[in-house]
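With mmCIF, C-alpha atoms inside, this is target_13.cif:
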```
data_entry
#
loop_
_atom_site.label_atom_id
_atom_site.label_comp_id
_atom_site.auth_asym_id
_atom_site.auth_seq_id
_atom_site.Cartn_x
_atom_site.Cartn_y
_atom_site.Cartn_z
CA MET A 1 0.00 0.00 0.00
CA SER A 2 1.34 3.43 -0.95
CA LEU A 3 1.11 5.98 1.85
CA LYS A 4 1.56 9.73 1.71
CA ALA A 5 1.77 12.29 4.47
CA GLY A 6 -1.65 13.74 5.19
CA GLY A 7 -3.40 10.85 3.49
CA GLU A 8 -6.16 8.76 5.03
CA LEU A 9 -5.80 5.03 5.62
CA PRO A 10 -8.61 2.89 4.21
CA HIS A 11 -11.14 2.88 7.02
CA ILE A 12 -12.93 -0.11 8.52
CA THR A 13 -16.55 -0.19 9.66
CA LYS A 14 -17.83 -2.52 12.39
CA ASP A 15 -21.27 -3.20 13.76
CA ILE A 16 -21.16 -3.86 17.47
CA ASP A 17 -23.80 -6.06 19.03
CA GLN A 18 -24.20 -8.01 22.26
CA GLU A 19 -23.30 -11.25 20.50
CA ARG A 20 -19.92 -9.88 19.44
CA ILE A 21 -19.32 -8.64 22.99
CA LEU A 22 -20.15 -12.10 24.35
CA ARG A 23 -17.76 -13.70 21.89
CA TRP A 24 -15.00 -11.34 23.02
CA ALA A 25 -15.79 -12.27 26.64
CA LYS A 26 -15.29 -15.94 25.77
CA LEU A 27 -12.09 -15.23 23.85
CA SER A 28 -10.58 -13.06 26.58
CA GLY A 29 -12.07 -14.64 29.69
CA ASP A 30 -13.44 -11.23 30.71
CA PHE A 31 -17.01 -11.86 31.86
CA ASN A 32 -17.37 -8.62 33.81
CA ARG A 33 -21.12 -8.10 34.15
CA LEU A 34 -20.81 -4.58 32.77
CA HIS A 35 -20.08 -6.26 29.44
CA VAL A 36 -22.25 -9.38 29.49
CA ASP A 37 -25.24 -8.75 31.79
CA PRO A 38 -27.69 -6.18 30.33
CA GLU A 39 -29.91 -6.12 33.45
CA TYR A 40 -26.96 -5.47 35.76
CA ALA A 41 -25.41 -2.93 33.38
CA ARG A 42 -28.67 -0.93 33.18
CA GLU A 43 -28.28 -0.10 36.88
CA THR A 44 -24.74 1.23 36.46
CA PRO A 45 -23.75 4.77 35.40
CA PHE A 46 -23.27 3.36 31.88
CA LYS A 47 -27.01 2.53 31.66
CA GLY A 48 -26.30 -0.58 29.63
CA THR A 49 -23.60 -2.99 28.54
CA ILE A 50 -20.46 -1.71 26.87
CA ALA A 51 -17.84 -3.37 24.68
CA HIS A 52 -14.52 -4.40 26.18
CA GLY A 53 -11.77 -1.80 25.69
CA PRO A 54 -9.27 -4.37 24.36
CA MET A 55 -11.66 -5.17 21.49
CA SER A 56 -11.00 -1.66 20.23
CA LEU A 57 -7.28 -2.40 20.38
CA ALA A 58 -7.91 -5.37 18.11
CA PHE A 59 -9.69 -3.09 15.62
CA LEU A 60 -6.79 -0.62 15.61
CA ASN A 61 -4.38 -3.49 14.99
CA GLU A 62 -6.56 -4.69 12.11
CA LEU A 63 -6.32 -1.24 10.53
CA MET A 64 -2.53 -1.22 10.81
CA MET A 65 -2.14 -4.80 9.57
CA ASN A 66 -4.18 -3.85 6.50
CA CYS A 67 -1.79 -0.95 5.84
CA LEU A 68 1.62 -2.27 6.86
CA GLY A 69 1.22 -6.05 6.74
CA GLU A 70 4.12 -7.99 8.23
CA GLY A 71 5.95 -4.72 8.95
CA TRP A 72 3.38 -4.03 11.68
CA VAL A 73 4.34 -7.14 13.68
CA ASN A 74 8.05 -6.50 13.07
CA GLY A 75 8.54 -3.21 14.85
CA GLY A 76 5.11 -1.57 14.84
CA ARG A 77 4.12 0.44 17.91
CA LEU A 78 0.60 1.28 18.99
CA LEU A 79 0.96 4.22 21.34
CA ASP A 80 -1.08 6.37 23.68
CA VAL A 81 -4.36 4.57 23.03
CA ARG A 82 -7.00 6.29 25.11
CA PHE A 83 -10.58 5.24 25.73
CA LEU A 84 -12.74 8.36 25.65
CA ALA A 85 -16.29 7.04 25.38
CA PRO A 86 -17.92 3.64 25.74
CA ILE A 87 -18.85 1.60 22.67
CA ARG A 88 -22.25 -0.01 23.07
CA PRO A 89 -24.28 -2.76 21.42
CA SER A 90 -25.99 -1.33 18.30
CA ASP A 91 -23.17 1.16 17.74
CA GLN A 92 -21.70 1.29 14.27
CA ILE A 93 -18.09 2.39 14.54
CA VAL A 94 -15.55 3.56 12.00
CA ILE A 95 -11.86 2.82 12.57
CA LYS A 96 -9.79 5.48 10.85
CA GLY A 97 -6.20 6.54 10.43
CA ARG A 98 -4.37 9.50 8.98
CA VAL A 99 -0.69 9.54 8.02
CA GLU A 100 0.94 12.28 10.07
CA ALA A 101 4.51 11.78 8.88
CA LEU A 102 6.73 9.62 6.74
CA TYR A 103 10.42 9.54 7.55
CA GLN A 104 13.57 7.49 7.30
CA GLU A 105 15.54 6.39 10.34
CA GLY A 106 18.21 3.73 10.66
CA GLY A 107 17.79 2.71 7.03
CA THR A 108 14.08 2.02 7.49
CA HIS A 109 11.14 4.02 6.21
CA TRP A 110 8.55 4.71 8.90
CA ALA A 111 4.97 5.89 8.93
CA GLU A 112 3.44 7.72 11.88
CA CYS A 113 -0.35 7.76 11.95
CA HIS A 114 -3.10 9.23 14.08
CA LEU A 115 -5.82 6.67 14.76
CA SER A 116 -9.39 6.99 15.94
CA ILE A 117 -12.58 5.06 16.44
CA THR A 118 -15.67 7.16 15.85
CA LYS A 119 -19.31 6.34 16.50
CA ALA A 120 -22.14 7.04 14.06
CA ASP A 121 -23.13 10.20 15.94
CA GLY A 122 -19.61 11.57 15.48
CA GLN A 123 -18.47 10.92 19.04
CA VAL A 124 -14.83 9.86 19.20
CA ALA A 125 -14.58 6.73 21.36
CA VAL A 126 -10.88 5.89 21.06
CA THR A 127 -7.77 7.71 19.90
CA GLY A 128 -4.21 6.54 19.49
CA ARG A 129 -1.03 6.77 17.50
CA ALA A 130 0.76 4.19 15.41
CA VAL A 131 4.36 4.11 14.26
CA GLY A 132 5.41 1.31 11.96
CA PRO A 133 8.01 0.33 9.37
CA LEU A 134 7.12 0.37 5.70
CA LYS A 135 8.85 -2.91 4.98
CA GLU A 136 6.50 -3.83 2.18
CA THR A 137 6.39 -0.47 0.46
CA ALA A 138 9.77 1.13 1.01
CA SER A 139 11.65 -0.81 -1.67
CA MET B 1 -14.22 -20.56 36.95
CA GLU B 2 -12.68 -17.15 37.34
CA ASN B 3 -15.45 -16.29 39.84
CA ASN B 4 -13.93 -18.58 42.48
CA LYS B 5 -10.74 -16.57 42.55
CA PRO B 6 -10.23 -13.64 44.94
CA GLU B 7 -10.37 -10.11 43.63
CA LEU B 8 -7.10 -8.41 42.80
CA LEU B 9 -7.01 -5.36 45.02
CA PHE B 10 -4.93 -2.19 44.92
CA GLU B 11 -3.14 -3.33 48.09
CA ASP B 12 -2.05 -6.46 46.19
CA LEU B 13 -0.33 -4.34 43.55
CA PRO B 14 2.75 -2.68 45.04
CA GLU B 15 5.28 -1.18 42.68
CA GLY B 16 7.74 -3.85 41.56
CA ARG B 17 5.41 -6.83 41.98
CA VAL B 18 6.24 -9.46 39.37
CA PHE B 19 3.52 -11.94 38.47
CA ARG B 20 4.25 -15.59 37.76
CA PRO B 21 4.82 -16.32 34.07
CA MET B 22 1.76 -17.37 32.11
CA VAL B 23 1.80 -19.85 29.23
CA PHE B 24 -0.36 -18.81 26.28
CA GLU B 25 -0.75 -21.14 23.30
CA ILE B 26 -1.16 -19.59 19.86
CA ASN B 27 -3.18 -22.41 18.38
CA ARG B 28 -5.33 -22.50 15.25
CA GLU B 29 -8.59 -22.67 17.19
CA ARG B 30 -7.74 -19.54 19.18
CA VAL B 31 -6.68 -17.65 16.05
CA ASN B 32 -9.86 -18.68 14.22
CA THR B 33 -11.99 -17.57 17.17
CA PHE B 34 -10.19 -14.23 17.19
CA MET B 35 -10.72 -13.75 13.45
CA GLU B 36 -14.44 -14.51 13.73
CA THR B 37 -14.96 -12.33 16.79
CA VAL B 38 -13.11 -9.30 15.47
CA GLY B 39 -14.02 -9.82 11.82
CA ASP B 40 -10.34 -9.57 10.85
CA HIS B 41 -9.41 -12.23 8.29
CA HIS B 42 -5.99 -10.96 7.21
CA PRO B 43 -4.41 -13.69 5.02
CA LEU B 44 -1.19 -13.66 7.07
CA TYR B 45 -3.23 -15.33 9.84
CA TRP B 46 -4.35 -18.32 7.76
CA ASP B 47 -2.86 -18.49 4.24
CA GLN B 48 0.23 -20.72 4.17
CA LYS B 49 1.42 -19.34 0.81
CA ILE B 50 1.09 -15.66 1.67
CA ALA B 51 2.67 -16.20 5.11
CA LYS B 52 5.47 -18.40 3.74
CA SER B 53 8.16 -15.73 4.12
CA LEU B 54 7.25 -15.47 7.82
CA GLY B 55 7.56 -19.22 8.33
CA GLY B 56 3.80 -19.77 8.18
CA PRO B 57 0.65 -18.10 9.46
CA ILE B 58 1.10 -15.65 12.31
CA ALA B 59 -1.00 -14.63 15.31
CA PRO B 60 -3.15 -11.53 14.93
CA PRO B 61 -1.34 -8.81 16.89
CA GLY B 62 -4.63 -7.93 18.57
CA LEU B 63 -4.36 -11.17 20.55
CA ALA B 64 -1.80 -9.32 22.67
CA ALA B 65 -4.70 -7.39 24.17
CA VAL B 66 -6.10 -10.73 25.37
CA PHE B 67 -2.97 -12.21 26.91
CA ALA B 68 -1.91 -8.89 28.45
CA ARG B 69 -4.96 -8.83 30.71
CA LEU B 70 -4.81 -12.53 31.52
CA SER B 71 -1.16 -12.29 32.60
CA TYR B 72 -2.00 -10.48 35.86
CA LEU B 73 -5.32 -12.24 36.48
CA GLN B 74 -4.15 -15.86 36.60
CA ASP B 75 -4.98 -16.19 40.28
CA ASN B 76 -7.48 -13.37 40.73
CA THR B 77 -10.51 -11.69 39.25
CA MET B 78 -10.70 -8.06 38.26
CA PRO B 79 -12.93 -6.07 40.63
CA SER B 80 -15.80 -4.24 38.91
CA GLY B 81 -15.41 -0.57 38.15
CA GLY B 82 -11.83 -0.49 36.89
CA ILE B 83 -10.96 1.78 34.02
CA LEU B 84 -8.46 1.01 31.31
CA ALA B 85 -7.00 4.48 30.92
CA LYS B 86 -4.33 3.91 28.31
CA GLN B 87 -2.51 1.06 26.59
CA GLU B 88 0.56 0.76 24.36
CA PHE B 89 2.09 -2.09 22.37
CA GLU B 90 5.48 -2.67 20.79
CA PHE B 91 5.44 -5.57 18.37
CA GLN B 92 8.97 -6.95 18.39
CA ALA B 93 8.50 -10.04 16.21
CA PRO B 94 5.57 -12.04 14.88
CA ALA B 95 4.21 -14.95 16.89
CA GLN B 96 3.55 -17.99 14.71
CA VAL B 97 0.48 -20.15 14.92
CA GLY B 98 1.75 -23.11 16.96
CA ASP B 99 4.00 -21.00 19.20
CA THR B 100 3.85 -21.23 22.95
CA LEU B 101 4.23 -17.80 24.49
CA THR B 102 5.36 -16.99 27.98
CA VAL B 103 3.83 -13.77 29.24
CA GLN B 104 4.89 -11.99 32.40
CA ALA B 105 3.46 -8.86 33.98
CA ARG B 106 5.18 -6.47 36.36
CA VAL B 107 3.73 -3.49 38.21
CA PHE B 108 5.98 -0.60 37.30
CA GLU B 109 3.94 2.15 38.96
CA SER B 110 1.35 2.05 41.73
CA TYR B 111 0.21 5.25 43.38
CA LEU B 112 -2.66 7.55 44.31
CA ASP B 113 -2.93 10.42 41.87
CA GLU B 114 -3.79 14.03 42.66
CA LYS B 115 -7.50 13.16 42.64
CA GLY B 116 -6.98 10.23 44.99
CA ARG B 117 -7.52 7.65 42.26
CA ARG B 118 -5.65 4.34 42.50
CA ARG B 119 -3.30 4.18 39.55
CA VAL B 120 -1.69 0.88 38.59
CA ASN B 121 0.54 0.63 35.54
CA PHE B 122 1.80 -2.69 34.19
CA LEU B 123 4.70 -3.63 31.95
CA ILE B 124 3.99 -6.94 30.24
CA GLN B 125 6.46 -8.88 28.10
CA ALA B 126 5.72 -11.88 25.88
CA TRP B 127 8.37 -14.27 24.58
CA ASN B 128 8.07 -17.31 22.36
CA GLN B 129 9.39 -20.78 23.16
CA ASP B 130 12.86 -19.76 21.87
CA ARG B 131 12.90 -16.84 24.31
CA LYS B 132 12.54 -14.42 21.42
CA GLU B 133 10.77 -11.21 22.41
CA ILE B 134 7.37 -10.97 20.74
CA CYS B 135 5.54 -8.06 22.29
CA LEU B 136 5.95 -5.47 25.02
CA ILE B 137 2.80 -3.93 26.47
CA ARG B 138 2.24 -0.98 28.77
CA LEU B 139 -1.15 -0.94 30.42
CA TYR B 140 -2.32 2.02 32.51
CA ALA B 141 -5.33 1.38 34.74
CA ILE B 142 -7.41 3.14 37.36
CA TRP B 143 -8.06 0.50 39.99
CA PRO B 144 -11.49 0.40 41.64
CA LYS B 145 -10.61 -0.76 45.16
#
```
Now that the file is in, can you turn its structure into structure tokens?
Amino acid sequence: MSLKAGGELPHITKDIDQERILRWAKLSGDFNRLHVDPEYARETPFKGTIAHGPMSLAFLNELMMNCLGEGWVNGGRLLDVRFLAPIRPSDQIVIKGRVEALYQEGGTHWAECHLSITKADGQVAVTGRAVGPLKETAS
Amino acid sequence: MENNKPELLFEDLPEGRVFRPMVFEINRERVNTFMETVGDHHPLYWDQKIAKSLGGPIAPPGLAAVFARLSYLQDNTMPSGGILAKQEFEFQAPAQVGDTLTVQARVFESYLDEKGRRRVNFLIQAWNQDRKEICLIRLYAIWPK
């Protein structure tokens, strides 16, 4: 994939539902009732179940794997990922990235990207930064 | 069941605590479950030909988010109300499907912040069976009690 400074990474869209949250609970072993028990979660300040934060990390990694491929697992860094708003069942989210800088260091070409996960109403749920080597595209 | 384990409390998390190493198998079933759950079917996770230069299919890097949390909850449950404030990953080398990872967590900071919140920050390292470094994770949490 050819990247240029200021350019957008191809975004990913996900539909979140309670079934996906339950599957993540089984995968991760995190059965916190805030995630898996709608009746319990309704009585909390969140007023309903929310998706696990680490699931969002998986989505950000998917975005970077799509862009950098094997380079991402050979020196990629996902940095300063912050969880700003809960992601809920029935949310449709968009995982986006923008190339902030391209540079060369130590003989390797690097891309630095700003990442975000945005909900359909425009609310930003997650932000982060990615720095990874362009091993597939630098040659 | 995790529910039979005691809760991991702030008082159990002094700075410098090192948790016992955890073994985490990167097997095909786990990778397939991850792909289905996340909806991420990158060919490097399953296509032998495309992943040939890497020695075969690799683990989705997002699996690190799973084993990071498990590494400090082997003997405890997470009390309700915790907040994952920030997380960072450095992917040092790919993990192959079939690898056996060893994952170890250490508390590198534990303190009350200016608002009196219990802050616990973990440094988590994963190695493969050849002791090759796979992933380094920094996890910053606000602990509930």
Where does segment 11-63 of chain A meet segment 44-62 of chain B within 9 Å, residue by residue, with the nearest atom pair and distance in Å to one decimal for each, counting only C-alpha atoms, listed by chain and rising number, as CSV?
```
residue,atom,partner,partner_atom,distance
A:Pro54,CA,B:Gly62,CA,8.2
A:Met55,CA,B:Gly62,CA,8.1
A:Leu57,CA,B:Gly62,CA,6.4
A:Ala58,CA,B:Gly62,CA,4.2
A:Phe59,CA,B:Gly62,CA,7.6
A:Leu60,CA,B:Gly62,CA,8.2
A:Asn61,CA,B:Gly62,CA,5.7
A:Glu62,CA,B:Gly62,CA,7.5
```
May I ask for the distance between atom CA of His52 of chain A and atom CA of Asp113 of chain B, given in Å to one decimal place?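 Result for atom CA of His52 of chain A versus atom CA of Asp113 of chain B: 24.5 Å, one decimal.
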Report the closest atom pair, with its distance in Å rounded to one decimal, for each residue of chain A that has an atom no farther than 9 Å from chain B; count only C-alpha atoms, sort by chain and then rising residue number, and write it as JSON lines.
```
{"residue": "A:Lys14", "atom": "CA", "partner": "B:Gly39", "partner_atom": "CA", "distance": 8.3}
{"residue": "A:Arg20", "atom": "CA", "partner": "B:Thr37", "partner_atom": "CA", "distance": 6.1}
{"residue": "A:Ile21", "atom": "CA", "partner": "B:Thr37", "partner_atom": "CA", "distance": 8.4}
{"residue": "A:Arg23", "atom": "CA", "partner": "B:Thr37", "partner_atom": "CA", "distance": 6.0}
{"residue": "A:Trp24", "atom": "CA", "partner": "B:Thr37", "partner_atom": "CA", "distance": 6.3}
{"residue": "A:Leu27", "atom": "CA", "partner": "B:Phe34", "partner_atom": "CA", "distance": 7.0}
{"residue": "A:Ser28", "atom": "CA", "partner": "B:Val66", "partner_atom": "CA", "distance": 5.2}
{"residue": "A:Gly29", "atom": "CA", "partner": "B:Leu70", "partner_atom": "CA", "distance": 7.8}
{"residue": "A:Asp30", "atom": "CA", "partner": "B:Met78", "partner_atom": "CA", "distance": 8.6}
{"residue": "A:Phe31", "atom": "CA", "partner": "B:Glu2", "partner_atom": "CA", "distance": 8.8}
{"residue": "A:Asn32", "atom": "CA", "partner": "B:Ser80", "partner_atom": "CA", "distance": 6.9}
{"residue": "A:Arg33", "atom": "CA", "partner": "B:Ser80", "partner_atom": "CA", "distance": 8.1}
{"residue": "A:Leu34", "atom": "CA", "partner": "B:Ser80", "partner_atom": "CA", "distance": 7.9}
{"residue": "A:Gly53", "atom": "CA", "partner": "B:Leu84", "partner_atom": "CA", "distance": 7.1}
{"residue": "A:Pro54", "atom": "CA", "partner": "B:Ala65", "partner_atom": "CA", "distance": 5.5}
{"residue": "A:Met55", "atom": "CA", "partner": "B:Val38", "partner_atom": "CA", "distance": 7.4}
{"residue": "A:Leu57", "atom": "CA", "partner": "B:Gly62", "partner_atom": "CA", "distance": 6.4}
{"residue": "A:Ala58", "atom": "CA", "partner": "B:Gly62", "partner_atom": "CA", "distance": 4.2}
{"residue": "A:Phe59", "atom": "CA", "partner": "B:Val38", "partner_atom": "CA", "distance": 7.1}
{"residue": "A:Leu60", "atom": "CA", "partner": "B:Gly62", "partner_atom": "CA", "distance": 8.2}
{"residue": "A:Asn61", "atom": "CA", "partner": "B:Gly62", "partner_atom": "CA", "distance": 5.7}
{"residue": "A:Glu62", "atom": "CA", "partner": "B:Asp40", "partner_atom": "CA", "distance": 6.3}
{"residue": "A:Met65", "atom": "CA", "partner": "B:His42", "partner_atom": "CA", "distance": 7.6}
{"residue": "A:Asn66", "atom": "CA", "partner": "B:His42", "partner_atom": "CA", "distance": 7.4}
{"residue": "A:Gly69", "atom": "CA", "partner": "B:Leu44", "partner_atom": "CA", "distance": 8.0}
{"residue": "A:Glu70", "atom": "CA", "partner": "B:Leu44", "partner_atom": "CA", "distance": 7.9}
{"residue": "A:Trp72", "atom": "CA", "partner": "B:Phe91", "partner_atom": "CA", "distance": 7.2}
{"residue": "A:Val73", "atom": "CA", "partner": "B:Phe91", "partner_atom": "CA", "distance": 5.1}
{"residue": "A:Asn74", "atom": "CA", "partner": "B:Ala93", "partner_atom": "CA", "distance": 4.8}
{"residue": "A:Gly75", "atom": "CA", "partner": "B:Gln92", "partner_atom": "CA", "distance": 5.2}
{"residue": "A:Gly76", "atom": "CA", "partner": "B:Phe91", "partner_atom": "CA", "distance": 5.3}
{"residue": "A:Arg77", "atom": "CA", "partner": "B:Glu90", "partner_atom": "CA", "distance": 4.5}
{"residue": "A:Leu78", "atom": "CA", "partner": "B:Phe89", "partner_atom": "CA", "distance": 5.0}
{"residue": "A:Leu79", "atom": "CA", "partner": "B:Glu88", "partner_atom": "CA", "distance": 4.6}
{"residue": "A:Asp80", "atom": "CA", "partner": "B:Glu88", "partner_atom": "CA", "distance": 5.9}
{"residue": "A:Val81", "atom": "CA", "partner": "B:Lys86", "partner_atom": "CA", "distance": 5.3}
{"residue": "A:Arg82", "atom": "CA", "partner": "B:Lys86", "partner_atom": "CA", "distance": 4.8}
{"residue": "A:Phe83", "atom": "CA", "partner": "B:Ala85", "partner_atom": "CA", "distance": 6.4}
{"residue": "A:Leu84", "atom": "CA", "partner": "B:Ala85", "partner_atom": "CA", "distance": 8.7}
{"residue": "A:Gly128", "atom": "CA", "partner": "B:Glu88", "partner_atom": "CA", "distance": 8.9}
```
Write the residues you've just listed into a file as a short mmCIF file (atom, residue, chain, number, x, y, z; two decimals), in the frame of the given file, and include C-alpha atoms for each of them.
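After the write, again-v6.cif holds the following:
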```cif
data_model
loop_
_atom_site.label_atom_id
_atom_site.label_comp_id
_atom_site.auth_asym_id
_atom_site.auth_seq_id
_atom_site.Cartn_x
_atom_site.Cartn_y
_atom_site.Cartn_z
CA LYS A 14 -17.83 -2.52 12.39
CA ARG A 20 -19.92 -9.88 19.44
CA ILE A 21 -19.32 -8.64 22.99
CA ARG A 23 -17.76 -13.70 21.89
CA TRP A 24 -15.00 -11.34 23.02
CA LEU A 27 -12.09 -15.23 23.85
CA SER A 28 -10.58 -13.06 26.58
CA GLY A 29 -12.07 -14.64 29.69
CA ASP A 30 -13.44 -11.23 30.71
CA PHE A 31 -17.01 -11.86 31.86
CA ASN A 32 -17.37 -8.62 33.81
CA ARG A 33 -21.12 -8.10 34.15
CA LEU A 34 -20.81 -4.58 32.77
CA GLY A 53 -11.77 -1.80 25.69
CA PRO A 54 -9.27 -4.37 24.36
CA MET A 55 -11.66 -5.17 21.49
CA LEU A 57 -7.28 -2.40 20.38
CA ALA A 58 -7.91 -5.37 18.11
CA PHE A 59 -9.69 -3.09 15.62
CA LEU A 60 -6.79 -0.62 15.61
CA ASN A 61 -4.38 -3.49 14.99
CA GLU A 62 -6.56 -4.69 12.11
CA MET A 65 -2.14 -4.80 9.57
CA ASN A 66 -4.18 -3.85 6.50
CA GLY A 69 1.22 -6.05 6.74
CA GLU A 70 4.12 -7.99 8.23
CA TRP A 72 3.38 -4.03 11.68
CA VAL A 73 4.34 -7.14 13.68
CA ASN A 74 8.05 -6.50 13.07
CA GLY A 75 8.54 -3.21 14.85
CA GLY A 76 5.11 -1.57 14.84
CA ARG A 77 4.12 0.44 17.91
CA LEU A 78 0.60 1.28 18.99
CA LEU A 79 0.96 4.22 21.34
CA ASP A 80 -1.08 6.37 23.68
CA VAL A 81 -4.36 4.57 23.03
CA ARG A 82 -7.00 6.29 25.11
CA PHE A 83 -10.58 5.24 25.73
CA LEU A 84 -12.74 8.36 25.65
CA GLY A 128 -4.21 6.54 19.49
#
```
Could you tell me which residues the PyMOL selection byres ((chain B and resi 119) around 7) returns for this structure, as an NGL selection string? :B and (110-113 or 117-118 or 120-121 or 141-143)
Decode the PyMOL selection byres ((chain A and resi 122) around 12) for the given file into explicit residues and return them as a PyMOL selection string. chain A and resi 85+91-94+116-121+123-126
